[in-house]
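Asker: Okay, here's the structure, questions in a sec.
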Amino acid sequence: MSMKPAAQLPVNPIVLGKMGAAYGIRGWLKVFSSTEDAESIFAYQPWFIERAGKWQLVELEGWKHHNQDLIIKVKGIDDRDAAAQLTNCEIKVDSTQLPELDNGDYYWKDLMGCKVVNTEGYEMGKVIDLMETGSNDVLVVKANLKDAFGVQERLIPFLDEQVIKKVDLATRTIEVDWDPGF
């Protein structure tokens, strides 16, 4: 009997996707990937989910394309009811599984909570969210209170060089060329 070493529980978990509805009767389910290229979610292993406050390792038996969807078969999940129990579980991996990025590329998780300051030194608030708009990503920046411009929340396009002048993850500061009146 060989014991497989237990996968290290994620220390710094990051959400890469979500389990969808059960598919068919043999325990397959849809999966929604939030990785840039949907299939690359399978490159990051091991997967974990949290159920009833406990981490659970997810071992995949297989995955395939079905129409526009990706569907997965989780080891030990062999019927529709068992698969349905996993619906809406977030798929998490330890962030150490993520590749080092090239200079100038950032993971969204690294930008969350960063302070945003414009080139004149005006503090606009902190990054509370990021949105994908198709053409570019957008920082959602929120100040604690409405500022002198009557603005509490700003949407700032993440356009490198054009708008985003400097991202300093050490000081958690993003410098932007952006009019505080917007």
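The way I read the labels, and the way they are meant: chains A, B, ... in the order of the structure tokens, residue 1 as the first residue of every chain, and ligand 1 as the first ligand shown, with later ones counted on from there.
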Could you write out, as a count of residues only, all the residues of chain A that DSSP marks as helix (DSSP H, G or I)?

Answerer: 18

Asker: Considering only C-alpha atoms, return as a list in words whatever protein or nucleic-acid residues lie within 10 Å of Glu50 in chain A, sequence-local ones (same chain, fewer than 5 positions apart) excluded.

Answerer: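 Everything that qualifies: Trp55, Gln56, Leu57, Leu86, Cys89, Glu90, Ile91 and Lys92 of chain A.
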
Asker: Store the residues picked out above, limited to all heavy atoms, as a compact mmCIF listing (two decimals), in the first residue's frame.

Answerer:
```
# COMPACT_ATOMS: atom_id res chain seq x y z
N TRP A 55 -10.62 22.53 4.15
CA TRP A 55 -10.03 22.41 2.82
C TRP A 55 -10.19 21.00 2.31
O TRP A 55 -10.07 20.06 3.07
CB TRP A 55 -8.53 22.73 2.87
CG TRP A 55 -8.25 24.18 3.03
CD1 TRP A 55 -7.77 24.80 4.14
CD2 TRP A 55 -8.41 25.20 2.05
NE1 TRP A 55 -7.64 26.15 3.91
CE2 TRP A 55 -8.02 26.41 2.63
CE3 TRP A 55 -8.87 25.20 0.72
CZ2 TRP A 55 -8.05 27.62 1.94
CZ3 TRP A 55 -8.90 26.40 0.04
CH2 TRP A 55 -8.50 27.60 0.64
N GLN A 56 -10.47 20.88 1.04
CA GLN A 56 -10.61 19.57 0.43
C GLN A 56 -9.83 19.57 -0.87
O GLN A 56 -9.97 20.49 -1.68
CB GLN A 56 -12.09 19.33 0.18
CG GLN A 56 -12.46 17.90 -0.05
CD GLN A 56 -13.99 17.78 -0.12
OE1 GLN A 56 -14.72 18.44 0.62
NE2 GLN A 56 -14.46 16.95 -1.01
N LEU A 57 -8.99 18.57 -1.05
CA LEU A 57 -8.22 18.43 -2.28
C LEU A 57 -9.12 17.89 -3.37
O LEU A 57 -9.90 16.98 -3.13
CB LEU A 57 -7.06 17.47 -2.01
CG LEU A 57 -6.16 17.13 -3.18
CD1 LEU A 57 -5.35 18.34 -3.61
CD2 LEU A 57 -5.21 16.00 -2.79
N LEU A 86 -20.94 19.86 -5.40
CA LEU A 86 -19.77 20.70 -5.65
C LEU A 86 -20.12 22.00 -6.38
O LEU A 86 -19.28 22.88 -6.50
CB LEU A 86 -18.73 19.93 -6.46
CG LEU A 86 -18.17 18.66 -5.81
CD1 LEU A 86 -17.19 17.98 -6.75
CD2 LEU A 86 -17.49 18.98 -4.49
N CYS A 89 -18.74 25.71 -5.75
CA CYS A 89 -17.51 25.72 -4.96
C CYS A 89 -16.43 26.47 -5.76
O CYS A 89 -16.26 26.23 -6.95
CB CYS A 89 -17.00 24.30 -4.68
SG CYS A 89 -17.92 23.47 -3.38
N GLU A 90 -15.72 27.36 -5.08
CA GLU A 90 -14.64 28.06 -5.75
C GLU A 90 -13.42 27.16 -5.84
O GLU A 90 -13.09 26.46 -4.89
CB GLU A 90 -14.26 29.32 -4.96
CG GLU A 90 -15.31 30.40 -5.06
CD GLU A 90 -14.92 31.67 -4.33
OE1 GLU A 90 -14.24 31.59 -3.29
OE2 GLU A 90 -15.29 32.74 -4.82
N ILE A 91 -12.77 27.19 -7.00
CA ILE A 91 -11.55 26.40 -7.20
C ILE A 91 -10.37 27.28 -6.81
O ILE A 91 -10.19 28.37 -7.35
CB ILE A 91 -11.43 26.00 -8.68
CG1 ILE A 91 -12.62 25.13 -9.08
CG2 ILE A 91 -10.10 25.29 -8.94
CD1 ILE A 91 -12.81 25.00 -10.58
N LYS A 92 -9.61 26.80 -5.83
CA LYS A 92 -8.49 27.59 -5.34
C LYS A 92 -7.19 26.81 -5.50
O LYS A 92 -7.19 25.59 -5.41
CB LYS A 92 -8.69 27.94 -3.87
CG LYS A 92 -9.96 28.75 -3.64
CD LYS A 92 -10.20 29.06 -2.19
CE LYS A 92 -11.53 29.81 -2.04
NZ LYS A 92 -11.80 30.15 -0.65
```

Asker: Using only C-alpha atoms, can you tell me which of A:Asn103, A:Ser95, A:Thr171, A:Gln162 comes closest to Trp47 in chain A?

Answerer: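 Checking each candidate against Trp47 in chain A, we get A:Ser95 as the closest.
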
Asker: For Asp179 in chain A, list every protein, DNA or RNA residue within 10 Å, evaluated using only C-alpha atoms, and leave out those in the same chain fewer than 5 positions away; present the list as a PDB file with C-alpha atoms, in the first residue's frame.

Answerer:
```
ATOM      1  CA  ASN A 118      -1.849  60.628  -9.298  1.00  0.00           C
ATOM      2  CA  THR A 119       1.319  62.178 -10.737  1.00  0.00           C
ATOM      3  CA  GLU A 120       0.678  65.404  -8.769  1.00  0.00           C
ATOM      4  CA  TYR A 122      -3.174  63.513  -5.078  1.00  0.00           C
ATOM      5  CA  MET A 124      -7.433  58.902  -4.810  1.00  0.00           C
ATOM      6  CA  ILE A 156      -9.358  54.110 -13.880  1.00  0.00           C
TER       7      ILE A 156
END
```

Asker: Just the residues within 12 Å of range 71-76 of chain A, please, counting only C-alpha atoms, with nothing from its chain fewer than 5 positions along; format it as a PyMOL selection string.

Answerer: chain A and resi 18-33+38-39+41-42+47-49+57-66+82-87

Asker: Looking only at the backbone, which of the residues in range 28-102 of chain A does DSSP tag as strand (DSSP E), as a PyMOL selection string?

Answerer: chain A and resi 28-33+47-51+54-58+60-66+69-74+90-94

Asker: Please indicate the distance in Å from CA of Val141 in chain A to CA of Ser34 in chain A, rounded to one decimal place.

Answerer: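 That distance, rounded to one decimal, is 21.5 Å.
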
Asker: Under the rule that only C-alpha atoms are counted, which of A:Asp129, A:Asp37, A:Asp69, A:Glu100 is the nearest residue to Arg154 in chain A?

Answerer: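 Closest residue, counting only C-alpha atoms: A:Asp129.
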
Asker: Which residue gives the smallest distance to Pro157 in chain A among A:Leu139, A:Leu145, A:Leu70, A:Ile174, with only C-alpha atoms counted?

Answerer: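 Of A:Leu139, A:Leu145, A:Leu70, A:Ile174, the one nearest Pro157 in chain A, counting only C-alpha atoms, is A:Leu139.
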
Asker: Pick out the closest residue to Gly181 in chain A from this set: A:Val151, A:Leu159, A:Leu169, A:Ile14. Count only C-alpha atoms.

Answerer: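 For Gly181 in chain A, the nearest of the candidates is A:Val151.
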
Asker: One number please: CA of Asp102 in chain A to CA of Glu36 in chain A, in Å, one decimal.

Answerer: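 It comes out at 15.2 Å.
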
Asker: Tell me, as a PDB file with N, CA, C and O atoms, in the first residue's frame, which residues lie within 12 Å of Gly121 in chain A, counting only C-alpha atoms; anything in the same chain fewer than 6 positions away does not count.

Answerer:
```
ATOM      1  N   LYS A 115      -2.709  51.606  -2.806  1.00  0.00           N
ATOM      2  CA  LYS A 115      -3.084  53.009  -2.753  1.00  0.00           C
ATOM      3  C   LYS A 115      -2.854  53.602  -4.142  1.00  0.00           C
ATOM      4  O   LYS A 115      -1.847  53.310  -4.779  1.00  0.00           O
ATOM      5  N   THR A 173       1.717  50.895  -3.868  1.00  0.00           N
ATOM      6  CA  THR A 173       1.270  52.167  -4.434  1.00  0.00           C
ATOM      7  C   THR A 173       1.229  52.080  -5.955  1.00  0.00           C
ATOM      8  O   THR A 173       2.130  51.516  -6.570  1.00  0.00           O
ATOM      9  N   ILE A 174       0.175  52.635  -6.529  1.00  0.00           N
ATOM     10  CA  ILE A 174       0.068  52.721  -7.985  1.00  0.00           C
ATOM     11  C   ILE A 174       0.001  54.205  -8.340  1.00  0.00           C
ATOM     12  O   ILE A 174      -0.871  54.927  -7.841  1.00  0.00           O
ATOM     13  N   GLU A 175       0.947  54.647  -9.177  1.00  0.00           N
ATOM     14  CA  GLU A 175       0.936  56.047  -9.615  1.00  0.00           C
ATOM     15  C   GLU A 175       0.242  56.124 -10.970  1.00  0.00           C
ATOM     16  O   GLU A 175       0.551  55.355 -11.879  1.00  0.00           O
ATOM     17  N   VAL A 176      -0.732  57.051 -11.071  1.00  0.00           N
ATOM     18  CA  VAL A 176      -1.509  57.167 -12.293  1.00  0.00           C
ATOM     19  C   VAL A 176      -1.491  58.594 -12.828  1.00  0.00           C
ATOM     20  O   VAL A 176      -1.376  59.550 -12.050  1.00  0.00           O
ATOM     21  N   ASP A 177      -1.596  58.712 -14.130  1.00  0.00           N
ATOM     22  CA  ASP A 177      -1.769  60.019 -14.751  1.00  0.00           C
ATOM     23  C   ASP A 177      -3.271  60.165 -14.985  1.00  0.00           C
ATOM     24  O   ASP A 177      -3.795  59.725 -16.003  1.00  0.00           O
ATOM     25  N   TRP A 178      -3.963  60.719 -13.991  1.00  0.00           N
ATOM     26  CA  TRP A 178      -5.424  60.736 -14.033  1.00  0.00           C
ATOM     27  C   TRP A 178      -5.927  61.973 -13.317  1.00  0.00           C
ATOM     28  O   TRP A 178      -5.473  62.298 -12.228  1.00  0.00           O
ATOM     29  N   ASP A 179      -6.891  62.646 -13.918  1.00  0.00           N
ATOM     30  CA  ASP A 179      -7.471  63.852 -13.352  1.00  0.00           C
ATOM     31  C   ASP A 179      -8.385  63.463 -12.186  1.00  0.00           C
ATOM     32  O   ASP A 179      -9.329  62.693 -12.366  1.00  0.00           O
ATOM     33  N   PRO A 180      -8.127  63.997 -10.990  1.00  0.00           N
ATOM     34  CA  PRO A 180      -8.959  63.619  -9.841  1.00  0.00           C
ATOM     35  C   PRO A 180     -10.420  64.051  -9.980  1.00  0.00           C
ATOM     36  O   PRO A 180     -11.275  63.568  -9.257  1.00  0.00           O
TER      37      PRO A 180
END
```

Asker: Residues within 12 Å of Gln97 in chain A, please, as number ranges by chain. Count only C-alpha atoms; anything in the same chain fewer than 3 positions from it doesn't count.

Answerer: A: 8, 10-16, 41-47, 92-94, 100-101

Asker: With distances taken over only C-alpha atoms, which residue among A:Ser40, A:Glu153, A:Asp160, A:Lys165 lies nearest Pro99 in chain A?

Answerer: A:Ser40
